[in-house]
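Text of the file coords_0.txt, holding compact mmCIF, C-alpha atoms and all ligand atoms:
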```txt
# COMPACT_ATOMS: atom_id res chain seq x y z
CA MET A 180 19.85 5.39 13.58
CA SER A 181 17.49 5.90 10.66
CA GLN A 182 17.16 9.18 8.83
CA ALA A 183 13.79 10.92 9.05
CA ALA A 184 12.83 10.15 5.47
CA ASP A 185 9.43 9.23 4.15
CA VAL A 186 8.89 6.63 1.44
CA ILE A 187 5.84 6.09 -0.76
CA LEU A 188 5.23 2.67 -2.29
CA LEU A 189 3.29 2.79 -5.54
CA GLY A 190 2.03 -0.18 -7.49
CA ALA A 191 -1.14 -1.80 -8.74
CA PRO A 192 -3.20 -3.96 -6.38
CA GLY A 193 -1.35 -7.28 -6.21
CA ALA A 194 2.08 -5.81 -7.02
CA GLY A 195 3.34 -6.84 -3.60
CA LYS A 196 3.19 -3.47 -1.83
CA GLY A 197 2.02 -4.96 1.48
CA THR A 198 4.72 -7.64 1.55
CA GLN A 199 7.50 -5.27 0.52
CA ALA A 200 6.22 -2.54 2.86
CA LYS A 201 6.68 -4.83 5.87
CA LEU A 202 10.24 -5.78 4.86
CA LEU A 203 11.35 -2.31 3.78
CA SER A 204 9.92 -0.49 6.80
CA GLN A 205 11.81 -2.91 9.07
CA GLU A 206 15.05 -2.48 7.15
CA LEU A 207 14.72 1.29 7.03
CA GLY A 208 13.55 1.56 10.65
CA ILE A 209 10.49 3.61 9.74
CA LEU A 210 6.80 3.20 10.52
CA HIS A 211 4.61 1.30 8.03
CA ILE A 212 1.25 2.98 7.40
CA SER A 213 -1.21 1.07 5.22
CA THR A 214 -4.44 2.97 4.59
CA GLY A 215 -6.04 -0.33 3.47
CA ASP A 216 -5.13 -1.96 6.84
CA ILE A 217 -6.44 1.07 8.77
CA LEU A 218 -9.72 0.93 6.83
CA ARG A 219 -10.09 -2.85 7.22
CA ALA A 220 -9.54 -2.52 10.98
CA ALA A 221 -12.18 0.24 11.09
CA VAL A 222 -14.63 -1.98 9.16
CA ALA A 223 -13.96 -4.91 11.51
CA ALA A 224 -14.48 -2.67 14.56
CA GLY A 225 -17.67 -1.18 13.08
CA THR A 226 -16.53 2.43 13.63
CA PRO A 227 -18.21 5.31 11.73
CA LEU A 228 -15.15 5.39 9.43
CA GLY A 229 -15.49 1.67 8.78
CA ARG A 230 -19.24 1.92 8.13
CA SER A 231 -18.76 4.70 5.59
CA ALA A 232 -15.79 2.99 3.87
CA GLN A 233 -17.04 -0.58 3.57
CA ALA A 234 -19.26 -0.28 0.50
CA TYR A 235 -16.54 1.48 -1.52
CA MET A 236 -14.01 -1.15 -0.51
CA ASP A 237 -16.18 -4.16 -1.29
CA ARG A 238 -16.89 -2.77 -4.77
CA GLY A 239 -13.20 -2.13 -5.42
CA ASP A 240 -13.74 1.64 -5.54
CA LEU A 241 -11.70 4.25 -3.72
CA VAL A 242 -12.88 5.79 -0.47
CA PRO A 243 -13.39 9.57 -1.00
CA ASP A 244 -10.22 11.68 -0.93
CA GLU A 245 -11.32 13.92 1.96
CA VAL A 246 -11.84 10.89 4.23
CA ILE A 247 -8.40 9.45 3.48
CA VAL A 248 -6.54 12.76 3.53
CA GLY A 249 -8.04 13.58 6.94
CA LEU A 250 -7.15 10.15 8.26
CA VAL A 251 -3.52 10.29 7.12
CA GLY A 252 -3.11 13.94 8.17
CA ASP A 253 -4.23 13.06 11.71
CA ARG A 254 -2.04 9.94 11.83
CA LEU A 255 1.04 11.94 10.80
CA GLN A 256 0.65 14.16 13.88
CA GLU A 257 1.43 11.22 16.14
CA ALA A 258 4.87 10.90 17.70
CA ASP A 259 5.71 7.52 16.14
CA CYS A 260 5.80 9.14 12.68
CA ALA A 261 8.69 11.44 13.58
CA ASP A 262 11.47 9.19 12.24
CA GLY A 263 9.84 8.61 8.88
CA VAL A 264 6.89 6.78 7.43
CA LEU A 265 6.51 4.24 4.67
CA PHE A 266 3.15 4.86 2.96
CA ASP A 267 1.53 1.74 1.51
CA GLY A 268 -1.65 2.31 -0.50
CA PHE A 269 -1.54 6.09 -0.13
CA PRO A 270 -1.64 8.36 -2.07
CA ARG A 271 -3.98 6.79 -4.64
CA THR A 272 -5.19 9.89 -6.53
CA LEU A 273 -3.66 13.16 -7.68
CA PRO A 274 -5.58 15.22 -5.07
CA GLN A 275 -4.27 12.85 -2.35
CA ALA A 276 -0.69 13.25 -3.66
CA GLU A 277 -1.03 17.04 -3.71
CA ALA A 278 -2.49 17.02 -0.20
CA LEU A 279 0.37 14.84 1.05
CA THR A 280 2.96 17.15 -0.53
CA ARG A 281 1.32 20.06 1.35
CA VAL A 282 1.06 18.23 4.69
CA LEU A 283 4.69 17.04 4.57
CA ALA A 284 5.89 20.57 3.75
CA GLU A 285 3.77 22.05 6.57
CA GLN A 286 5.36 19.61 8.98
CA GLY A 287 8.84 20.52 7.72
CA ARG A 288 9.46 17.02 6.36
CA ALA A 289 11.67 16.37 3.32
CA GLU A 290 10.27 15.37 -0.08
CA PRO A 291 9.44 11.66 0.08
CA LYS A 292 11.20 9.05 -2.03
CA VAL A 293 8.79 7.15 -4.23
CA LEU A 294 9.22 3.52 -5.21
CA ALA A 295 7.03 2.02 -7.93
CA ILE A 296 6.74 -1.78 -7.95
CA GLU A 297 5.98 -2.95 -11.47
CA VAL A 298 4.12 -6.18 -12.30
CA GLY A 299 2.25 -7.13 -15.51
CA GLU A 300 -1.57 -7.26 -15.51
CA GLU A 301 -1.95 -11.02 -16.06
CA GLU A 302 0.25 -11.74 -13.04
CA LEU A 303 -1.68 -9.18 -10.93
CA VAL A 304 -4.99 -10.93 -11.62
CA ARG A 305 -3.46 -14.32 -10.87
CA ARG A 306 -2.00 -13.10 -7.57
CA LEU A 307 -5.11 -11.26 -6.36
CA SER A 308 -7.56 -14.06 -7.06
CA GLY A 309 -5.25 -16.59 -5.34
CA ARG A 310 -4.58 -14.41 -2.30
CA ARG A 311 -5.60 -15.31 1.25
CA THR A 312 -5.28 -13.02 4.27
CA CYS A 313 -4.97 -13.91 7.96
CA ARG A 314 -7.70 -12.47 10.21
CA THR A 315 -5.33 -12.40 13.17
CA CYS A 316 -1.94 -11.12 11.92
CA ALA A 317 -3.01 -9.68 8.51
CA GLY A 318 -0.32 -11.86 6.85
CA ILE A 319 -0.83 -12.38 3.10
CA PHE A 320 -0.31 -15.77 1.42
CA SER A 321 -0.76 -17.20 -2.06
CA LEU A 322 -2.72 -20.43 -2.52
CA GLU A 323 0.46 -21.91 -4.02
CA ALA A 324 2.54 -21.07 -0.94
CA LEU A 325 -0.18 -22.49 1.33
CA SER A 326 -0.26 -25.77 -0.62
CA GLY A 327 -3.56 -26.82 0.90
CA ALA A 328 -3.04 -25.40 4.43
CA THR A 329 -6.17 -23.74 5.80
CA ALA A 330 -4.64 -21.93 8.81
CA CYS A 331 -2.12 -19.07 8.83
CA PRO A 332 1.41 -20.56 8.62
CA LYS A 333 2.73 -17.74 10.84
CA CYS A 334 0.22 -17.55 13.70
CA GLY A 335 -2.36 -20.29 13.10
CA GLY A 336 -5.11 -17.67 12.58
CA GLU A 337 -8.07 -18.08 10.25
CA LEU A 338 -7.39 -17.37 6.56
CA TYR A 339 -10.00 -15.66 4.39
CA GLN A 340 -10.40 -14.21 0.93
CA ARG A 341 -10.90 -10.43 1.09
CA ALA A 342 -14.24 -9.45 -0.44
CA ASP A 343 -12.34 -7.16 -2.80
CA ASP A 344 -10.13 -10.05 -3.99
CA ALA A 345 -13.18 -11.69 -5.61
CA ALA A 346 -13.09 -11.58 -9.44
CA GLU A 347 -15.47 -8.62 -10.11
CA SER A 348 -13.77 -6.41 -7.54
CA VAL A 349 -10.30 -7.33 -8.80
CA ALA A 350 -11.21 -6.12 -12.31
CA GLN A 351 -12.66 -2.90 -10.87
CA ARG A 352 -9.59 -2.26 -8.68
CA LEU A 353 -7.29 -2.64 -11.68
CA ARG A 354 -9.46 -0.21 -13.69
CA VAL A 355 -9.42 2.26 -10.80
CA TYR A 356 -5.64 1.91 -10.52
CA ALA A 357 -5.10 2.63 -14.23
CA ALA A 358 -7.45 5.63 -14.21
CA GLN A 359 -6.70 7.25 -10.85
CA THR A 360 -3.40 6.02 -9.42
CA ALA A 361 -1.14 5.39 -12.43
CA PRO A 362 -1.02 9.19 -13.16
CA LEU A 363 0.91 9.56 -9.89
CA LEU A 364 3.91 7.98 -11.62
CA ASP A 365 4.16 11.09 -13.83
CA TYR A 366 3.50 13.40 -10.87
CA TYR A 367 6.42 11.98 -8.89
CA ALA A 368 8.67 11.51 -11.94
CA ALA A 369 8.26 15.25 -12.63
CA ARG A 370 9.37 15.95 -9.05
CA GLY A 371 12.47 13.77 -9.60
CA ALA A 372 11.35 11.43 -6.79
CA LEU A 373 10.44 8.25 -8.69
CA ARG A 374 12.39 4.97 -8.64
CA ARG A 375 11.06 1.83 -10.35
CA VAL A 376 11.65 -1.81 -9.45
CA GLU A 377 10.53 -5.02 -11.13
CA GLY A 378 8.04 -6.76 -8.84
CA GLN A 379 8.31 -10.32 -10.14
CA GLY A 380 10.79 -12.71 -8.55
CA ALA A 381 11.86 -13.71 -5.05
CA VAL A 382 10.51 -11.42 -2.31
CA ASP A 383 13.94 -10.95 -0.66
CA GLU A 384 15.62 -10.13 -3.95
CA ILE A 385 12.95 -7.53 -4.80
CA ALA A 386 13.49 -5.99 -1.35
CA ARG A 387 17.26 -5.87 -1.90
CA VAL A 388 16.86 -4.12 -5.26
CA ALA A 389 14.26 -1.77 -3.74
CA LEU A 390 16.58 -0.79 -0.87
CA ALA A 391 19.37 -0.11 -3.35
CA ALA A 392 16.99 2.03 -5.43
CA LEU A 393 16.09 3.98 -2.29
CA GLY A 394 19.78 4.51 -1.61
CA ALA A 395 19.55 2.73 1.74
CA GLN A 396 22.83 1.89 3.46
CA GLY A 397 23.70 -1.80 3.58
CA ALA A 398 21.44 -2.60 0.63
CA ASP A 399 24.24 -4.23 -1.32
P1 LIG B 1 -5.43 -1.89 -0.21
O1 LIG B 1 -5.32 -2.84 0.92
O2 LIG B 1 -4.38 -0.81 -0.19
O3 LIG B 1 -5.56 -2.56 -1.55
O4 LIG B 1 -6.82 -1.08 0.02
C1 LIG B 1 -8.07 -1.76 0.03
C2 LIG B 1 -9.19 -0.78 -0.29
O5 LIG B 1 -9.20 0.27 0.70
C3 LIG B 1 -9.06 -0.06 -1.62
O6 LIG B 1 -9.55 -0.82 -2.71
C4 LIG B 1 -9.90 1.19 -1.35
O7 LIG B 1 -11.29 0.89 -1.38
C5 LIG B 1 -9.53 1.50 0.09
N1 LIG B 1 -8.34 2.39 0.16
C6 LIG B 1 -7.13 2.09 0.69
N2 LIG B 1 -6.28 3.13 0.57
C7 LIG B 1 -6.99 4.11 -0.05
C8 LIG B 1 -6.67 5.42 -0.49
N3 LIG B 1 -5.44 5.94 -0.31
N4 LIG B 1 -7.66 6.15 -1.10
C9 LIG B 1 -8.89 5.65 -1.28
N5 LIG B 1 -9.26 4.41 -0.92
C10 LIG B 1 -8.32 3.64 -0.30
```
Just dump the structure as structure tokens.
Amino acid sequence: MSQAADVILLGAPGAGKGTQAKLLSQELGILHISTGDILRAAVAAGTPLGRSAQAYMDRGDLVPDEVIVGLVGDRLQEADCADGVLFDGFPRTLPQAEALTRVLAEQGRAEPKVLAIEVGEEELVRRLSGRRTCRTCAGIFSLEALSGATACPKCGGELYQRADDAAESVAQRLRVYAAQTAPLLDYYAARGALRRVEGQGAVDEIARVALAALGAQGAD
């Protein structure tokens, strides 16, 4: 049985949050919520949320706080969140972090544990510009790992480059991260919730170190 504990993954775009979120949520037995995935699905489905979010996303800007806070607040009311949630890509601004602190307290949930995945800027740019995503299973692959393959190695789906992984948007996303999201490291450090892990190296090894940092049983 897992404990009802929430985890927040922090890290710049390209730090490996999506990849680690999938592994860690499985290991911890908690639900993975990616606000980026929710928004991309809304864009693909052409919902009002998707239509209002798309231009921000394509530019590499953040969707307004009230939209995201409302979306996550509603999602947290659903039954599958009861045993804990791993937040990937949320919160991204101080107002979002403060809103999440309030919502979790209102729902009687414990303070979340926060894991920051750290990767240098040059490596982030290299990873983001060489990243391909599967339209079917949302799997993420580097051009190196694909070594010329044009279909998803997991499900055979079509691979594409996200509009916001193009060079101009990558630069903007890194600027937005430094200005708006990096201050959350101090916010959570001050609350005694922050753990840091090095995000370069083998995916499984990073996950092992991350689980140990989160104090998960069986991590070592
Ligand atoms: P991601 O897949 O997490 O990199 O998110 C892709 C894009 O979705 C971001 O560049 C933002 O435009 C938008 N987005 C995702 N999560 C948030 C959030 N918490 N706040 C604002 N915008 C977000």
Counting only C-alpha atoms, figure out which residue out of A:Ser231, A:Thr198, A:Thr312, A:Thr280 gets nearest to Tyr367 of chain A.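 Nearest candidate to Tyr367 of chain A out of A:Ser231, A:Thr198, A:Thr312, A:Thr280: A:Thr280.
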Long-range neighbours of Ala350 of chain A as a PyMOL selection string, 8 Å cut-off, all atoms listed in the file, 4 positions minimum in chain: chain A and resi 304+346+354
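With distances taken over all atoms listed in the file, A:Leu241 is the one residue among A:Leu202, A:Cys334, A:Leu188, A:Leu241 lying closest to ligand LIG 1 (chain B).
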One number please: atom CA of Ala278 of chain A to atom CA of Val248 of chain A, in Å, one decimal.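 One can read the atom CA of Ala278 of chain A to atom CA of Val248 of chain A distance as 7.0 Å.
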Please, which residues are within 7 Å of (-9.5, 3.3, 9.3) by the file's coordinates, counting only C-alpha atoms, and could they come as a JSON list (two decimals) with C-alpha atoms, in the frame of the given file?
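Saved as point-v3.json:
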```json
[["chain", "number", "residue", "atom", "x", "y", "z"],
["A", 214, "THR", "CA", -4.44, 2.97, 4.59],
["A", 217, "ILE", "CA", -6.44, 1.07, 8.77],
["A", 218, "LEU", "CA", -9.72, 0.93, 6.83],
["A", 219, "ARG", "CA", -10.09, -2.85, 7.22],
["A", 220, "ALA", "CA", -9.54, -2.52, 10.98],
["A", 221, "ALA", "CA", -12.18, 0.24, 11.09],
["A", 228, "LEU", "CA", -15.15, 5.39, 9.43],
["A", 229, "GLY", "CA", -15.49, 1.67, 8.78]]
```
Taking all atoms of ligand LIG 1 (chain B) that appear in the file, build a box with edges along x, y and z, extend it by 5 Å on every side, and state its centre and edge lengths in Å to one decimal, as JSON.
```
{"center_x": -7.8, "center_y": 1.7, "center_z": -0.9, "size_x": 16.9, "size_y": 19.0, "size_z": 13.6}
```
Smallest atom-to-atom distance to ligand LIG 1 (chain B): which of A:Thr315, A:Asp253, A:Tyr356, A:Gly327, using only C-alpha atoms and all ligand atoms? A:Tyr356
With 7 Å as the cut-off and all atoms listed in the file counted, what is the closest atom pair between each nearby residue of chain A and ligand LIG 1 (chain B)? Distances in Å to one decimal, ordered by chain and number, as CSV.
```
residue,atom,partner,partner_atom,distance
A:Pro192,CA,B:LIG1,O3,5.6
A:Ser213,CA,B:LIG1,O2,6.5
A:Thr214,CA,B:LIG1,N2,4.4
A:Gly215,CA,B:LIG1,O4,3.6
A:Asp216,CA,B:LIG1,O1,6.0
A:Leu218,CA,B:LIG1,O5,6.2
A:Tyr235,CA,B:LIG1,O7,5.3
A:Met236,CA,B:LIG1,O7,3.5
A:Gly239,CA,B:LIG1,O6,4.7
A:Asp240,CA,B:LIG1,O7,4.9
A:Leu241,CA,B:LIG1,N5,3.7
A:Val242,CA,B:LIG1,N5,3.9
A:Pro243,CA,B:LIG1,C9,6.0
A:Asp244,CA,B:LIG1,N4,6.1
A:Ile247,CA,B:LIG1,N4,5.7
A:Asp267,CA,B:LIG1,O2,6.7
A:Gly268,CA,B:LIG1,O2,4.2
A:Phe269,CA,B:LIG1,N3,3.9
A:Pro270,CA,B:LIG1,N3,4.8
A:Arg271,CA,B:LIG1,N3,4.6
A:Asp343,CA,B:LIG1,O6,6.9
A:Arg352,CA,B:LIG1,O6,6.1
```
How about completing segment 189-200 of chain A with all heavy atoms and giving it to me as a compact mmCIF listing (two decimals), keeping the file's coordinate frame?
```txt
# COMPACT_ATOMS: atom_id res chain seq x y z
N LEU A 189 4.36 2.78 -4.53
CA LEU A 189 3.29 2.79 -5.54
C LEU A 189 3.29 1.45 -6.25
O LEU A 189 4.32 0.80 -6.38
CB LEU A 189 3.56 3.89 -6.58
CG LEU A 189 3.33 5.34 -6.20
CD1 LEU A 189 3.61 6.23 -7.41
CD2 LEU A 189 1.91 5.57 -5.70
N GLY A 190 2.13 1.07 -6.75
CA GLY A 190 2.03 -0.18 -7.49
C GLY A 190 0.58 -0.59 -7.56
O GLY A 190 -0.21 -0.23 -6.68
N ALA A 191 0.24 -1.35 -8.58
CA ALA A 191 -1.14 -1.80 -8.74
C ALA A 191 -1.51 -2.73 -7.59
O ALA A 191 -0.62 -3.30 -6.94
CB ALA A 191 -1.27 -2.52 -10.08
N PRO A 192 -2.80 -2.94 -7.35
CA PRO A 192 -3.20 -3.96 -6.38
C PRO A 192 -2.58 -5.29 -6.81
O PRO A 192 -2.62 -5.65 -7.98
CB PRO A 192 -4.73 -4.02 -6.53
CG PRO A 192 -5.12 -2.75 -7.18
CD PRO A 192 -3.95 -2.28 -8.00
N GLY A 193 -1.96 -5.99 -5.87
CA GLY A 193 -1.35 -7.28 -6.21
C GLY A 193 0.12 -7.17 -6.59
O GLY A 193 0.78 -8.18 -6.81
N ALA A 194 0.66 -5.96 -6.63
CA ALA A 194 2.08 -5.81 -7.02
C ALA A 194 3.02 -6.24 -5.92
O ALA A 194 4.22 -6.42 -6.15
CB ALA A 194 2.36 -4.37 -7.42
N GLY A 195 2.48 -6.41 -4.71
CA GLY A 195 3.34 -6.84 -3.60
C GLY A 195 3.69 -5.69 -2.66
O GLY A 195 4.65 -5.79 -1.88
N LYS A 196 2.89 -4.63 -2.68
CA LYS A 196 3.19 -3.47 -1.83
C LYS A 196 3.17 -3.85 -0.34
O LYS A 196 4.05 -3.45 0.39
CB LYS A 196 2.16 -2.34 -2.04
CG LYS A 196 2.25 -1.66 -3.39
CD LYS A 196 1.40 -0.39 -3.42
CE LYS A 196 -0.08 -0.63 -3.12
NZ LYS A 196 -0.75 -1.49 -4.12
N GLY A 197 2.15 -4.61 0.06
CA GLY A 197 2.02 -4.96 1.48
C GLY A 197 3.22 -5.77 1.97
O GLY A 197 3.80 -5.47 3.02
N THR A 198 3.60 -6.77 1.18
CA THR A 198 4.72 -7.64 1.55
C THR A 198 6.02 -6.83 1.60
O THR A 198 6.79 -6.91 2.57
CB THR A 198 4.86 -8.77 0.50
OG1 THR A 198 3.61 -9.46 0.45
CG2 THR A 198 5.98 -9.72 0.84
N GLN A 199 6.26 -6.05 0.56
CA GLN A 199 7.50 -5.27 0.52
C GLN A 199 7.48 -4.18 1.60
O GLN A 199 8.52 -3.86 2.18
CB GLN A 199 7.70 -4.63 -0.87
CG GLN A 199 8.07 -5.63 -1.94
CD GLN A 199 9.39 -6.35 -1.63
OE1 GLN A 199 10.32 -5.78 -1.07
NE2 GLN A 199 9.47 -7.62 -2.01
N ALA A 200 6.31 -3.62 1.86
CA ALA A 200 6.22 -2.54 2.86
C ALA A 200 6.68 -3.05 4.22
O ALA A 200 7.41 -2.36 4.94
CB ALA A 200 4.80 -2.01 2.95
```
